[in-house]
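Some notes on the structure that comes next.
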Amino acid sequence: MAIAVPIEYVLGVAMLLFLLGLLGVLVRRNVMFLLMSLEVMMNAAGLAFIAAGARWGVPDGQIMFMFILALAAAEVAVALGLVLQISRRFGTLDIDAANELSG
Amino acid sequence: MQDLLWLIPALPLLGFLVLFATEGRLPDKMVGVIGAGSVGLAALVALVVGLDFHQSGQPSYAQNLWTWMAVGGFAPAVTLYLDDLSLVMTGVITGVGFLIHVFATGYMWQDLDEPSSRDAAPKARKEGYSRFFAYMNLFVFAMLMLVLGDNLLTLFLGWEGVGLCSYLLIGFYHRDAANGYAARKAFVVTRVGDTLMALGLFLLFREIGTLEIQSALAKAGELDAGMATAIGLLLLGGAVGKSAQVPLQTWLPDAMAGPTPVSALIHAATMVTAGVYLIARMKGIYALSETAQLAVAVVGLATLFISSFTALAQTDIKRILAYSTMSQIGYMFMALGVGAWSAAIFHLMTHAFFKALLFLASGSVILALHHEQDIFKMGGLWRKLPVPFYSMLIGSGALVALPWVTSGFFSKDAILLTAYGHGEYGWLFWLGGVAAATMTALYTTRMMVVAFFGETKIEPHDRSRINMWGPLAVLSALSVFGGYLGIGILDDLLGAVDHIPHSHPAAIATMLLPLLGILVGVFVFSGRLDIRALVDSSLGDALRRFWHSGWAFDWVYDHAFVKPFVWAARVNKADAVDFVYRAVAAVTRGFYHIGALTQTGRLRWYAANMTIGLILMFLIVLEML
């Protein structure tokens, strides 16, 4: 039998995950960790969708999670290419080194 | 045949377009044929149209070409309007213009061929020849639009067009900076008059609501006296600028920097008489205001008086003729002012004949002497240059108004005798006019005696052919017999001229005083009567220098307008007005620098800002701020 988890708890976890991810994006300088933090943020959004879908008993939330998975896969494919370029060009994975587009 | 009227201005325009488009790539002969031929054809068409118009017996003929623009109720049409006045003007412009163009084919050929000429390089020479005729044709077109336009807007278009051509042709020898200066001076000084004229047109349009000349004159009775005076004076301002009358006359002597045919066509026969045409055309306005009409007469009197004294002290043959042009136009203004409307146009026509003749003949002399214009360096030319000499002699006779044998006599006599009978102070105008006529005789005799008699100083080198002496011969004939042309045709052009009979003592004095002037001139300038002591006295010398400078008008304007303006320009080098625009630019640039600070190129900084922005937006949406 399924134990009904109150939606507030799930949303709370999703928010926590999102904030952790955001904090990671803001404070980490390594590009790899930056990408991982982005993954965490997207999964937090996905978790919120699942919870909402379960709450109202509709499949929309799960469909949205499918989309987020596809988006995440595509993003990683592009981002890893960028990471390779950054490491070749600057010899480091420090994102602050790639600041040539300053005004 | 009257519907061929549009061809008259169209032909010179076509000539201009062809010469302008080919940029001097045509052979010189063809340039000459196009340049002179287009005006010649226009003269032919004008003759046909004029004869047909005369036979039809109608007072006027209008040909509507197209509507210029239609803005609300304001829809000026481009209409050509032919009546006796514009027919005479058209005849003078195309007829005399054609003769001058023919003369110019020879004159400019030799002029640009001179080794001393600044445009001596073959390519520049070719280009100059074509450019000259392009400008001349454009001038004839603009002048024809001026006199044929039925609308004051069309008239103003032609008015500015001839001003532009005048500028271009005065500065024709553009390699010499002084010529460019003369051209700019002519343009700026006439601009003063043109501004006044434009104001007059605005005022007329506000009061009457139309710029169509005929309907405006028909409605002119609605104007109150003060308004009519204001419009009349403002239009007079335009006429004064264009016709080189006091106080805007200073540009004309300097305009002699242009080639001599230009001086003959633009600065003697046609353009400078546009002011006379304007006032004659707007007769209905001046009939309403005695003040404005009196102002016309006073301007004319002042000019003819001042310039005939000035001419006496000049040494440059072209400047002498320029001042004499001013004084003859002064007679025309005086005629308009004293109500001798027809006589003014009559004098305009005869003056076009004899002054064009004088300028062209002096051009031949100047060319034969390799651009020597000082009459005191000439001398003894009458045997060596017979054609120019007899042309000058006939032209001078007409200028002096030798009784009964020259055209100038009939027109000038009509003006002076009408002035005598005009109102209470008419005799004053007559007196001034006769005094100036005597001075005219004196300075003309001086020019002829000094330049053509005495000992030879420079050996002339005459290379003129039929295209140069042909026009001189025709113009000589017109200068002699043109007077009879006017009797009958021109007498009632703008109302009959009502003057005192020829048996009146004043009329006899009018006839004899110029002869006295000639007599004195012959004795003085041939050296039979020694007046050196008088001339060399301190008063004589001061007077001579005063007259030589043109009554110091240039000096006064230089100190009153040019120098203060230059001073203000130097003080205001940074330009106070520009400061506003520079301030706007500086503020914009400041904001740019502030904005650029936020663009660090650091990804995490952008992410943080986006986060802060999002949070702020949430707070606003949730109404927590």
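Chain labels run A, B, ... following the order of the structure tokens; each chain numbers its residues from 1, and ligands are numbered from 1 in the order shown.
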Inset, instruction - For Trp6 in chain B, work out the shell of residues within 9 Å, counting only C-alpha atoms and skipping chain neighbours fewer than 2 positions away, then give it as a list in words. - result: Asp3, Leu4, Ile8, Pro9, Ala10, Leu11, Gln63, Leu65 and Leu80 of chain B
Inset, instruction - Find the residues near Leu38 in chain A: any atom within 8 Å, counting only C-alpha atoms, skip ones fewer than 5 places away on the same chain, and give them as a PyMOL selection string. - result: chain A and resi 21-22+25
Residue subset to file, keeping N, CA and C atoms, as a tab-separated table (two decimals), in the first residue's frame:
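The resulting selection31.tsv:
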```tsv
chain	number	residue	atom	x	y	z
A	21	GLY	N	21.32	23.57	-5.87
A	21	GLY	CA	21.86	23.66	-7.23
A	21	GLY	C	22.27	25.09	-7.57
A	22	LEU	N	21.38	26.04	-7.25
A	22	LEU	CA	21.66	27.44	-7.55
A	22	LEU	C	22.91	27.90	-6.84
A	25	VAL	N	25.86	26.69	-8.63
A	25	VAL	CA	26.16	27.47	-9.84
A	25	VAL	C	26.87	28.77	-9.46
```
Inset, instruction - With a distance cut-off of 12 Å and only C-alpha atoms, select the neighbouring residues of Leu543 in chain B, excluding the residue or stretch itself and same-chain residues fewer than 6 positions from it, and output the selection as a PyMOL selection string. - result: chain B and resi 309-310+312-313+534-537+549-552
Filtering to all heavy atoms, could you give me those residues as an mmCIF file, in the first residue's frame?
```cif
data_model
loop_
_atom_site.group_PDB
_atom_site.id
_atom_site.type_symbol
_atom_site.label_atom_id
_atom_site.label_comp_id
_atom_site.auth_asym_id
_atom_site.auth_seq_id
_atom_site.Cartn_x
_atom_site.Cartn_y
_atom_site.Cartn_z
ATOM 1 N N PHE B 309 28.621 108.990 -60.906
ATOM 2 C CA PHE B 309 29.836 109.640 -60.410
ATOM 3 C C PHE B 309 30.943 108.612 -60.201
ATOM 4 O O PHE B 309 32.114 108.876 -60.458
ATOM 5 C CB PHE B 309 29.564 110.391 -59.105
ATOM 6 C CG PHE B 309 28.971 111.748 -59.329
ATOM 7 C CD1 PHE B 309 27.597 111.929 -59.345
ATOM 8 C CD2 PHE B 309 29.781 112.843 -59.548
ATOM 9 C CE1 PHE B 309 27.046 113.171 -59.567
ATOM 10 C CE2 PHE B 309 29.240 114.095 -59.775
ATOM 11 C CZ PHE B 309 27.870 114.263 -59.783
ATOM 12 N N THR B 310 30.538 107.432 -59.707
ATOM 13 C CA THR B 310 31.538 106.396 -59.468
ATOM 14 C C THR B 310 32.218 105.986 -60.760
ATOM 15 O O THR B 310 33.437 105.779 -60.805
ATOM 16 C CB THR B 310 30.873 105.178 -58.832
ATOM 17 O OG1 THR B 310 30.099 105.621 -57.725
ATOM 18 C CG2 THR B 310 31.898 104.182 -58.364
ATOM 19 N N LEU B 312 32.951 107.607 -63.224
ATOM 20 C CA LEU B 312 33.916 108.595 -63.694
ATOM 21 C C LEU B 312 35.314 108.331 -63.153
ATOM 22 O O LEU B 312 36.308 108.735 -63.757
ATOM 23 C CB LEU B 312 33.442 109.994 -63.288
ATOM 24 C CG LEU B 312 34.143 111.173 -63.921
ATOM 25 C CD1 LEU B 312 33.989 111.132 -65.422
ATOM 26 C CD2 LEU B 312 33.575 112.466 -63.372
ATOM 27 N N ALA B 313 35.387 107.658 -62.024
ATOM 28 C CA ALA B 313 36.692 107.473 -61.380
ATOM 29 C C ALA B 313 37.271 106.083 -61.611
ATOM 30 O O ALA B 313 38.336 105.764 -61.098
ATOM 31 C CB ALA B 313 36.574 107.739 -59.877
ATOM 32 N N LEU B 534 43.439 120.840 -60.737
ATOM 33 C CA LEU B 534 42.184 120.623 -60.014
ATOM 34 C C LEU B 534 42.115 119.195 -59.472
ATOM 35 O O LEU B 534 41.728 118.962 -58.320
ATOM 36 C CB LEU B 534 41.021 120.893 -60.975
ATOM 37 C CG LEU B 534 39.651 121.100 -60.354
ATOM 38 C CD1 LEU B 534 39.644 122.365 -59.524
ATOM 39 C CD2 LEU B 534 38.591 121.168 -61.436
ATOM 40 N N VAL B 535 42.516 118.234 -60.307
ATOM 41 C CA VAL B 535 42.413 116.828 -59.906
ATOM 42 C C VAL B 535 43.415 116.511 -58.808
ATOM 43 O O VAL B 535 43.122 115.751 -57.882
ATOM 44 C CB VAL B 535 42.649 115.921 -61.131
ATOM 45 C CG1 VAL B 535 42.670 114.462 -60.707
ATOM 46 C CG2 VAL B 535 41.562 116.148 -62.170
ATOM 47 N N ASP B 536 44.610 117.122 -58.913
ATOM 48 C CA ASP B 536 45.647 116.785 -57.950
ATOM 49 C C ASP B 536 45.529 117.540 -56.638
ATOM 50 O O ASP B 536 46.268 117.251 -55.697
ATOM 51 C CB ASP B 536 47.031 117.051 -58.563
ATOM 52 C CG ASP B 536 47.361 115.992 -59.599
ATOM 53 O OD1 ASP B 536 46.660 114.958 -59.577
ATOM 54 O OD2 ASP B 536 48.276 116.201 -60.415
ATOM 55 N N SER B 537 44.617 118.508 -56.558
ATOM 56 C CA SER B 537 44.421 119.173 -55.274
ATOM 57 C C SER B 537 43.918 118.163 -54.255
ATOM 58 O O SER B 537 43.413 117.100 -54.624
ATOM 59 C CB SER B 537 43.409 120.308 -55.431
ATOM 60 O OG SER B 537 42.145 119.768 -55.714
ATOM 61 N N SER B 549 36.092 104.220 -54.959
ATOM 62 C CA SER B 549 35.675 103.135 -54.074
ATOM 63 C C SER B 549 34.167 102.913 -54.129
ATOM 64 O O SER B 549 33.636 102.129 -53.365
ATOM 65 C CB SER B 549 36.085 103.456 -52.640
ATOM 66 O OG SER B 549 35.288 104.525 -52.168
ATOM 67 N N GLY B 550 33.481 103.601 -55.019
ATOM 68 C CA GLY B 550 32.032 103.434 -55.092
ATOM 69 C C GLY B 550 31.321 104.059 -53.903
ATOM 70 O O GLY B 550 30.433 103.454 -53.318
ATOM 71 N N TRP B 551 31.705 105.253 -53.542
ATOM 72 C CA TRP B 551 31.140 105.999 -52.424
ATOM 73 C C TRP B 551 31.301 105.236 -51.108
ATOM 74 O O TRP B 551 30.435 105.284 -50.226
ATOM 75 C CB TRP B 551 29.661 106.370 -52.669
ATOM 76 C CG TRP B 551 29.505 107.353 -53.784
ATOM 77 C CD1 TRP B 551 30.107 107.302 -54.987
ATOM 78 C CD2 TRP B 551 28.705 108.537 -53.802
ATOM 79 N NE1 TRP B 551 29.753 108.364 -55.762
ATOM 80 C CE2 TRP B 551 28.875 109.146 -55.061
ATOM 81 C CE3 TRP B 551 27.848 109.136 -52.872
ATOM 82 C CZ2 TRP B 551 28.238 110.320 -55.411
ATOM 83 C CZ3 TRP B 551 27.206 110.303 -53.234
ATOM 84 C CH2 TRP B 551 27.397 110.899 -54.493
ATOM 85 N N ALA B 552 32.374 104.460 -51.026
ATOM 86 C CA ALA B 552 32.774 103.804 -49.783
ATOM 87 C C ALA B 552 31.733 102.835 -49.242
ATOM 88 O O ALA B 552 31.748 102.492 -48.065
ATOM 89 C CB ALA B 552 33.140 104.845 -48.710
#
```
I'd like a table as a tab-separated table: residues in chain A with an atom no more than 8 Å from chain B, each row giving the shortest atom pair and its distance in Å to one decimal, only C-alpha atoms counted, sorted by chain and rising residue number.
```
residue	atom	partner	partner_atom	distance
A:Val25	CA	B:Arg604	CA	7.1
A:Leu26	CA	B:Arg604	CA	5.5
A:Val27	CA	B:Arg604	CA	7.7
A:Ile95	CA	B:Leu603	CA	7.2
A:Asp96	CA	B:Arg602	CA	5.9
A:Ala98	CA	B:Arg602	CA	7.2
A:Asn99	CA	B:Gly601	CA	4.3
A:Glu100	CA	B:Gly601	CA	5.8
A:Leu101	CA	B:Gly601	CA	4.5
A:Ser102	CA	B:Gly601	CA	4.1
A:Gly103	CA	B:Ala596	CA	4.9
```
Would you save the residues from that selection as a PDB file, in the first residue's frame, using N, CA and C atoms?
```pdb
ATOM      1  N   VAL A  25      25.856  26.692  -8.634  1.00  0.00           N
ATOM      2  CA  VAL A  25      26.157  27.474  -9.839  1.00  0.00           C
ATOM      3  C   VAL A  25      26.869  28.770  -9.464  1.00  0.00           C
ATOM      4  N   LEU A  26      26.419  29.373  -8.373  1.00  0.00           N
ATOM      5  CA  LEU A  26      26.966  30.686  -8.013  1.00  0.00           C
ATOM      6  C   LEU A  26      28.351  30.575  -7.401  1.00  0.00           C
ATOM      7  N   VAL A  27      28.624  29.548  -6.650  1.00  0.00           N
ATOM      8  CA  VAL A  27      29.883  29.548  -5.901  1.00  0.00           C
ATOM      9  C   VAL A  27      30.958  28.665  -6.518  1.00  0.00           C
ATOM     10  N   ILE A  95      35.782  28.758 -14.717  1.00  0.00           N
ATOM     11  CA  ILE A  95      34.845  29.523 -15.542  1.00  0.00           C
ATOM     12  C   ILE A  95      35.184  31.007 -15.545  1.00  0.00           C
ATOM     13  N   ASP A  96      35.830  31.489 -14.488  1.00  0.00           N
ATOM     14  CA  ASP A  96      36.155  32.917 -14.424  1.00  0.00           C
ATOM     15  C   ASP A  96      37.269  33.302 -15.398  1.00  0.00           C
ATOM     16  N   ALA A  98      37.172  32.491 -18.484  1.00  0.00           N
ATOM     17  CA  ALA A  98      36.509  32.796 -19.755  1.00  0.00           C
ATOM     18  C   ALA A  98      35.648  34.054 -19.607  1.00  0.00           C
ATOM     19  N   ASN A  99      36.341  35.182 -19.429  1.00  0.00           N
ATOM     20  CA  ASN A  99      35.592  36.432 -19.204  1.00  0.00           C
ATOM     21  C   ASN A  99      35.924  37.482 -20.260  1.00  0.00           C
ATOM     22  N   GLU A 100      36.178  37.003 -21.481  1.00  0.00           N
ATOM     23  CA  GLU A 100      36.635  37.959 -22.492  1.00  0.00           C
ATOM     24  C   GLU A 100      35.516  38.815 -23.057  1.00  0.00           C
ATOM     25  N   LEU A 101      34.271  38.483 -22.814  1.00  0.00           N
ATOM     26  CA  LEU A 101      33.153  39.256 -23.363  1.00  0.00           C
ATOM     27  C   LEU A 101      32.744  40.378 -22.411  1.00  0.00           C
ATOM     28  N   SER A 102      33.757  41.101 -21.868  1.00  0.00           N
ATOM     29  CA  SER A 102      33.389  42.172 -20.931  1.00  0.00           C
ATOM     30  C   SER A 102      33.185  43.473 -21.710  1.00  0.00           C
ATOM     31  N   GLY A 103      32.364  44.324 -21.137  1.00  0.00           N
ATOM     32  CA  GLY A 103      32.024  45.561 -21.861  1.00  0.00           C
ATOM     33  C   GLY A 103      33.093  46.603 -21.761  1.00  0.00           C
TER      34      GLY A 103
END
```
Inset, instruction - Between CA of Pro261 in chain B and CA of Ala104 in chain B, measure the distance and give it in Å to one decimal. - result: 5.9 Å
For range 516-525 of chain B, list every protein, DNA or RNA residue within 7 Å, evaluated using only C-alpha atoms, and leave out those in the same chain fewer than 5 positions away; present the list as a compact mmCIF listing (two decimals) with all heavy atoms, in the first residue's frame.
```txt
# COMPACT_ATOMS: atom_id res chain seq x y z
N THR B 438 24.37 113.93 -67.78
CA THR B 438 25.55 114.69 -68.17
C THR B 438 26.82 113.98 -67.72
O THR B 438 27.80 113.89 -68.46
CB THR B 438 25.48 116.10 -67.56
OG1 THR B 438 24.16 116.60 -67.77
CG2 THR B 438 26.48 117.02 -68.18
N MET B 439 26.78 113.45 -66.48
CA MET B 439 27.92 112.67 -66.00
C MET B 439 28.14 111.45 -66.87
O MET B 439 29.29 111.06 -67.15
CB MET B 439 27.68 112.22 -64.55
CG MET B 439 27.74 113.32 -63.52
SD MET B 439 29.26 114.26 -63.63
CE MET B 439 30.40 113.05 -63.00
N ALA B 441 27.52 111.19 -70.02
CA ALA B 441 28.22 111.65 -71.22
C ALA B 441 29.70 111.84 -70.93
O ALA B 441 30.56 111.45 -71.73
CB ALA B 441 27.60 112.95 -71.69
N LEU B 442 29.99 112.38 -69.75
CA LEU B 442 31.38 112.67 -69.39
C LEU B 442 32.20 111.39 -69.26
O LEU B 442 33.27 111.24 -69.86
CB LEU B 442 31.38 113.46 -68.08
CG LEU B 442 32.58 114.34 -67.80
CD1 LEU B 442 32.77 115.34 -68.91
CD2 LEU B 442 32.40 115.06 -66.47
N THR B 445 32.59 109.50 -72.60
CA THR B 445 33.59 110.15 -73.45
C THR B 445 34.99 109.83 -72.94
O THR B 445 35.90 109.55 -73.73
CB THR B 445 33.37 111.67 -73.43
OG1 THR B 445 31.99 111.92 -73.65
CG2 THR B 445 34.18 112.34 -74.51
N ARG B 446 35.14 109.86 -71.62
CA ARG B 446 36.46 109.55 -71.04
C ARG B 446 36.90 108.15 -71.45
O ARG B 446 38.04 107.95 -71.91
CB ARG B 446 36.34 109.64 -69.52
CG ARG B 446 37.51 109.11 -68.74
CD ARG B 446 37.26 109.35 -67.26
NE ARG B 446 38.31 108.82 -66.42
CZ ARG B 446 38.24 107.62 -65.84
NH1 ARG B 446 37.20 106.85 -66.04
NH2 ARG B 446 39.21 107.22 -65.05
N VAL B 449 37.73 108.16 -75.27
CA VAL B 449 38.91 108.94 -75.64
C VAL B 449 40.17 108.26 -75.13
O VAL B 449 41.15 108.08 -75.86
CB VAL B 449 38.78 110.38 -75.09
CG1 VAL B 449 40.11 111.10 -75.21
CG2 VAL B 449 37.69 111.13 -75.82
N VAL B 450 40.14 107.83 -73.86
CA VAL B 450 41.35 107.26 -73.27
C VAL B 450 41.69 105.91 -73.89
O VAL B 450 42.85 105.61 -74.17
CB VAL B 450 41.16 107.13 -71.74
CG1 VAL B 450 42.33 106.35 -71.14
CG2 VAL B 450 41.05 108.49 -71.11
N ASP B 530 43.61 121.63 -69.61
CA ASP B 530 44.38 121.04 -68.52
C ASP B 530 43.69 121.27 -67.18
O ASP B 530 43.53 122.40 -66.74
CB ASP B 530 45.78 121.67 -68.50
CG ASP B 530 46.75 120.75 -67.79
OD1 ASP B 530 46.29 119.67 -67.34
OD2 ASP B 530 47.93 121.09 -67.69
```
Inset, instruction - Could you please determine the separation between CA of Ile231 in chain B and CA of Ser215 in chain B in Å, to one decimal place? - result: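 Computing the Euclidean distance for CA of Ile231 in chain B and CA of Ser215 in chain B yields 16.0 Å.
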Legend entry - Among the residues B:Ala295, B:Val587, B:Leu148, B:Ser391, the one that comes closest to Met468 in chain B [using only C-alpha atoms]: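 Among the listed residues, B:Ser391 lies closest to Met468 in chain B.
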